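J.: Once you've had a glance at the structure underneath, I'll fire off some questions.
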Amino acid sequence: MGWFSKFLKGSSHKFSEGQYDSSYAEDPNHYGPSTSGDVWSDNGEEIDRAIAESLFEESQRGNRVIDCDSQLEEDEQLARALQESLNVANVESPPHSRYGHGNIYQPMPMYNPLGSRICARCYTEIGYGRFLNCLNAVWHPECFRCHSCNLPISDNEFSTSGNYPYHKACYKEHYHPKCDVCKHFIPTNPAGLIEYRAHPFWIQKYCPFHEHDNTPRCCSCERMEPLDTKYVSLNDGRRLCLECLDTAVMDTYECQPLYLDIQEFYEGLNMKVEQQVPLLLVERQALNEAREGERNGHYHMPETRGLCLSEEQTISTVRRRNGGKRNMNMVTEPFKLSRRCEVTAILILYGLPRLLTGSILAHEMMHAWLRLKGYRTLSQDVEEGICQVLAHMWLSSKLMSGSNVASSSSSASSVLKRGTGSQYEKKLGEFFKHQIESDISHVYGDGFRAGQQAVHKYGLSSTLNHIQITGCFPP
């Protein structure tokens with residue numbers, strides 16, 4: 001299972017007296033508004049008086065009958081004079097920048113023939129008071145408002161998204177990613193970029209340093225433990241999130257209805273397991289000790305969660321627990337395995353959600369079926385690959401049917417019906433399928449994909465016949 005890193009990069013700007021320089025590396029669309037009323041010099045006041053006198057003279061001439069061509073010529077001269085006066089005042093609009101996706105609001109500068117300024121928000125004349133010149137338009141100071149909180153932006157710097165202005169703090173709150181573990185804003189790296197890690201299935205975002213600060217992960221769904229949510233500690237040191245705990249199978253007795261369901265699944269494929277193979281739920285240490293006692297076998301690292309045994313051993317099995325699911329005081333007792341056939345027992349790690357427990361059991365049951373049917377010793381990728389195909393098929397059947405995991409014919413089926421069909425359990429089932437499909441190992445990943453391709457092309461029965469004869473998947 002591979003995790004991936006994400007980098008967010010952008011440019012930032014600050015406006016001051018017509019000059020821009022970098023100042024906010026976290027924000028891809030960051031500007032500072034120009035306040036024309038504050039930056040005009042004394043020379044600007046003289047220009048205002050000149051404009052006022054010109055407008056007064058124009059109003060005095062309004063009572064006289066004038067030629068239309070003459071009037072247009074005077075208007076053009078006045079417009080040129082206004083443009084020159086604005087150039088002298090050195091008031092500039094910020095340059096265009098690249099905006100993100102979203103609804104585009106495009107304020108446009110509006111001037112009437114006499115040169116009055118129109119606010120881009122309220123569309124009324126600004127007159128000769130203070131105004132803001134930004135985003136290619138002019139605004140009353142009280143009209144230039146944050147798109148999030150709707151309060152005026154009075155800071156020297158602001159941010160934009162989709163051409164909407166934001167306070168810097170409001171923009172960060174809406175668009176700067178937060179860590180799903182510590183709930184803080186994900187910090188920038190030394191290069192000024194926002195860098196975080198994300199789970200490829202759950203898309204849980206978190207700060208990179210959480211990978212090295214001993215933040216626990218759920219042993220089932222692999223999500224990191226958020227600081228505001230405590231996971232349950234199992235006796236063997238594993239941690240389990242509360243959602244996975246809801247359907248966790250905690251002891252050997254509770255797993256029996258699921259075992260019957262897997263047996264019926266195999267019978268439906270005309271692959272009945274003739275021998276009654278003991279099923280035991282065990283702790284991590286007991287599973288590792290049993291693995292060491294096996295002469296042959298393939299194990300999925302970094303942790304084995306199921307075994308199909310062929311040797312006589314004494315296993316410490318989880319028989320029952322005291323109290324409810326959150327009471328982790330487990331009672332174990334020894335169970336001696338006797339070799340009556342090629343398979344002595346199937347061991348499954350306790351405390352896993354029923355869909356994961358079922359998929360592991362379906363996988364190990366295929367190992368048992370192959371041995372009991374006398375299949376030759378197969379290469380690891382072929383044997384583990386076809387076992388993964390059966391586990392994937394069982395998961396798919398449960399997710400497609402939406403039925404209870406436990407067999408309806410079992411008297412103990414009510415034990416497993418709690419929470420069946422919840423949205424999270426369905427999502428969890430998709431995750432377990434995703435784990436099988438995206439496994440990058442040669443034995444389990446490539447083996448599954450080769451077996452899945454053969455089953456889709458030739459069917460399960462023909463694929464198994466070919467494996468029995470040749471020891472490999474059909475081409």
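The chains in the structure tokens are called A, B, ... from first to last as shown; in each chain the residues are counted from 1, and the ligands are counted from 1 in the order shown.
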Would you mind listing what lies within 9 Å of Pro187 (chain A) as a list in words, with only C-alpha atoms counted and same-chain residues fewer than 4 positions away left out?

T.: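 Here the answer would be Lys178, Gly192, Leu193, Ile194, Glu195, Tyr196 and Cys207 of chain A.
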
J.: Give me the residues within 12 Å of Glu274 (chain A) as a compact mmCIF listing (two decimals) with N, CA and C atoms, in the first residue's frame, counting only C-alpha atoms and dropping any in the same chain fewer than 5 places off.

T.:
# COMPACT_ATOMS: atom_id res chain seq x y z
N GLN A 263 -17.98 -21.64 4.20
CA GLN A 263 -18.18 -23.01 3.72
C GLN A 263 -19.31 -23.08 2.70
N TYR A 266 -18.12 -21.74 -0.65
CA TYR A 266 -17.34 -22.72 -1.42
C TYR A 266 -18.25 -23.81 -2.00
N GLU A 267 -19.25 -24.21 -1.25
CA GLU A 267 -20.19 -25.21 -1.78
C GLU A 267 -20.93 -24.66 -2.99
N CYS A 341 -5.44 -35.18 8.61
CA CYS A 341 -5.43 -35.00 7.16
C CYS A 341 -4.32 -34.00 6.84
N GLU A 342 -4.31 -33.52 5.62
CA GLU A 342 -3.27 -32.59 5.18
C GLU A 342 -3.38 -31.21 5.83
N VAL A 343 -4.51 -30.94 6.47
CA VAL A 343 -4.72 -29.64 7.12
C VAL A 343 -5.10 -29.88 8.57
N MET A 365 -9.03 -20.82 3.42
CA MET A 365 -9.85 -21.97 3.05
C MET A 365 -9.43 -22.50 1.68
N ALA A 368 -6.51 -24.70 2.17
CA ALA A 368 -6.96 -26.00 2.66
C ALA A 368 -7.55 -26.84 1.53
N TRP A 369 -8.36 -26.23 0.68
CA TRP A 369 -9.00 -26.96 -0.42
C TRP A 369 -7.96 -27.53 -1.38
N LEU A 370 -6.94 -26.74 -1.70
CA LEU A 370 -5.89 -27.21 -2.62
C LEU A 370 -5.14 -28.40 -2.03
N ARG A 371 -4.84 -28.35 -0.75
CA ARG A 371 -4.10 -29.45 -0.12
C ARG A 371 -4.97 -30.71 -0.01
N LEU A 372 -6.22 -30.52 0.37
CA LEU A 372 -7.11 -31.68 0.53
C LEU A 372 -7.44 -32.33 -0.82
N LYS A 373 -7.38 -31.55 -1.90
CA LYS A 373 -7.65 -32.09 -3.23
C LYS A 373 -6.40 -32.68 -3.88

J.: Rank A:Ser379, A:Ile186, A:Ser441, A:Met224 by their smallest atom-to-atom distance to Trp202 (chain A), using only C-alpha atoms, and report the top residue only.

T.: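 Among the listed residues, A:Met224 lies closest to Trp202 (chain A).
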
J.: Please determine, counting only C-alpha atoms, which residue among A:Val277, A:Ala191, A:Met271, A:Cys170 has the shortest atom-to-atom distance to Leu347 (chain A).

T.: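 Of the candidates, the smallest distance to Leu347 (chain A) is held by A:Val277.
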
J.: With DSSP run on the backbone, what are the strand (DSSP E or B) residues within region 176-306 of chain A? I'd like them as a ChimeraX atom specification.

T.: /A:178,185,188,194-198,205-206,217,224,232-233,239-240,248-249,279-282,306

J.: Output N, CA, C and O atoms of each residue in that selection to a file, as a compact mmCIF listing (two decimals), in the first residue's frame.

T.:
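Result file is out.txt:
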# COMPACT_ATOMS: atom_id res chain seq x y z
N LYS A 178 -5.95 21.40 6.23
CA LYS A 178 -5.70 21.10 7.63
C LYS A 178 -5.37 19.62 7.78
O LYS A 178 -5.85 18.77 7.03
N PHE A 185 -3.31 23.68 10.69
CA PHE A 185 -2.96 23.93 9.30
C PHE A 185 -1.65 23.20 8.99
O PHE A 185 -0.70 23.23 9.77
N THR A 188 4.22 24.73 5.91
CA THR A 188 4.99 24.74 4.66
C THR A 188 6.37 24.14 4.92
O THR A 188 6.89 24.17 6.03
N ILE A 194 3.30 23.92 0.57
CA ILE A 194 2.47 23.14 1.49
C ILE A 194 2.62 21.67 1.10
O ILE A 194 2.24 21.26 0.01
N GLU A 195 3.16 20.88 2.00
CA GLU A 195 3.43 19.47 1.72
C GLU A 195 2.72 18.60 2.75
O GLU A 195 2.82 18.83 3.95
N TYR A 196 1.96 17.61 2.27
CA TYR A 196 1.31 16.69 3.20
C TYR A 196 1.29 15.28 2.61
O TYR A 196 1.53 15.08 1.44
N ARG A 197 0.99 14.31 3.48
CA ARG A 197 0.83 12.93 3.06
C ARG A 197 -0.66 12.61 2.98
O ARG A 197 -1.47 13.23 3.64
N ALA A 198 -1.00 11.61 2.18
CA ALA A 198 -2.41 11.23 2.05
C ALA A 198 -2.50 9.73 1.77
O ALA A 198 -1.70 9.18 1.00
N LYS A 205 -5.55 13.30 4.96
CA LYS A 205 -4.40 14.19 4.85
C LYS A 205 -3.76 14.38 6.22
O LYS A 205 -4.46 14.57 7.21
N TYR A 206 -2.43 14.38 6.26
CA TYR A 206 -1.77 14.59 7.54
C TYR A 206 -0.38 15.16 7.32
O TYR A 206 0.22 15.05 6.23
N ARG A 217 -1.78 3.72 14.00
CA ARG A 217 -2.66 3.43 12.87
C ARG A 217 -3.61 2.31 13.26
O ARG A 217 -3.25 1.43 14.04
N MET A 224 -4.71 6.82 10.37
CA MET A 224 -4.03 7.32 11.55
C MET A 224 -5.04 7.77 12.60
O MET A 224 -6.14 8.22 12.27
N VAL A 232 -8.94 1.88 20.23
CA VAL A 232 -8.95 0.84 21.25
C VAL A 232 -7.66 0.02 21.14
O VAL A 232 -7.23 -0.34 20.03
N SER A 233 -7.03 -0.25 22.27
CA SER A 233 -5.81 -1.06 22.30
C SER A 233 -6.17 -2.52 22.53
O SER A 233 -6.87 -2.85 23.49
N ARG A 239 -3.82 -1.48 17.50
CA ARG A 239 -4.83 -0.46 17.77
C ARG A 239 -5.95 -0.60 16.75
O ARG A 239 -5.71 -0.88 15.57
N LEU A 240 -7.18 -0.38 17.21
CA LEU A 240 -8.35 -0.56 16.36
C LEU A 240 -9.24 0.66 16.48
O LEU A 240 -9.57 1.10 17.60
N ALA A 248 -15.98 -5.94 14.69
CA ALA A 248 -14.82 -6.80 14.90
C ALA A 248 -15.25 -8.16 15.46
O ALA A 248 -16.16 -8.26 16.28
N VAL A 249 -14.58 -9.21 14.98
CA VAL A 249 -14.81 -10.57 15.47
C VAL A 249 -13.73 -10.84 16.52
O VAL A 249 -12.54 -10.89 16.21
N LEU A 279 -11.20 -24.09 13.14
CA LEU A 279 -10.93 -22.67 12.95
C LEU A 279 -10.68 -22.06 14.32
O LEU A 279 -11.53 -22.18 15.22
N LEU A 280 -9.56 -21.37 14.48
CA LEU A 280 -9.20 -20.77 15.76
C LEU A 280 -8.82 -19.31 15.56
O LEU A 280 -8.06 -18.98 14.62
N LEU A 281 -9.35 -18.43 16.41
CA LEU A 281 -8.90 -17.03 16.45
C LEU A 281 -7.81 -16.92 17.50
O LEU A 281 -7.95 -17.44 18.62
N VAL A 282 -6.72 -16.25 17.13
CA VAL A 282 -5.54 -16.19 18.00
C VAL A 282 -5.00 -14.77 18.07
O VAL A 282 -5.32 -13.92 17.24
N GLY A 306 -3.35 -14.60 8.83
CA GLY A 306 -4.02 -15.89 8.73
C GLY A 306 -3.04 -16.97 8.33
O GLY A 306 -2.04 -16.71 7.67

J.: Could you state the separation of CA of Glu292 (chain A) and CA of Leu378 (chain A) in Å, given to one decimal place?

T.: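 These two atoms are separated by 20.4 Å.
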
J.: Hey, can you check how far CA of Ser310 (chain A) sits from CA of Leu258 (chain A)?

T.: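 If I compute the distance from CA of Ser310 (chain A) to CA of Leu258 (chain A), I get 22.1 Å.
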
J.: Taking only C-alpha atoms into account, which of A:His184, A:His442, A:Lys398, A:His466 comes nearest Glu425 (chain A)?

T.: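 Of the candidates, the smallest distance to Glu425 (chain A) is held by A:Lys398.
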
J.: Choose the residue, out of A:Leu349, A:Leu269, A:Val318, A:Leu151, that has the smallest atom-to-atom separation from Arg238 (chain A); count only C-alpha atoms.

T.: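 When distances to Arg238 (chain A) are compared using only C-alpha atoms, the smallest one comes from A:Leu349.
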
J.: What does the structure give for the distance between CA of Cys182 (chain A) and CA of Phe432 (chain A), in Å to one decimal?

T.: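 Separating CA of Cys182 (chain A) from CA of Phe432 (chain A) is a distance of 26.1 Å.
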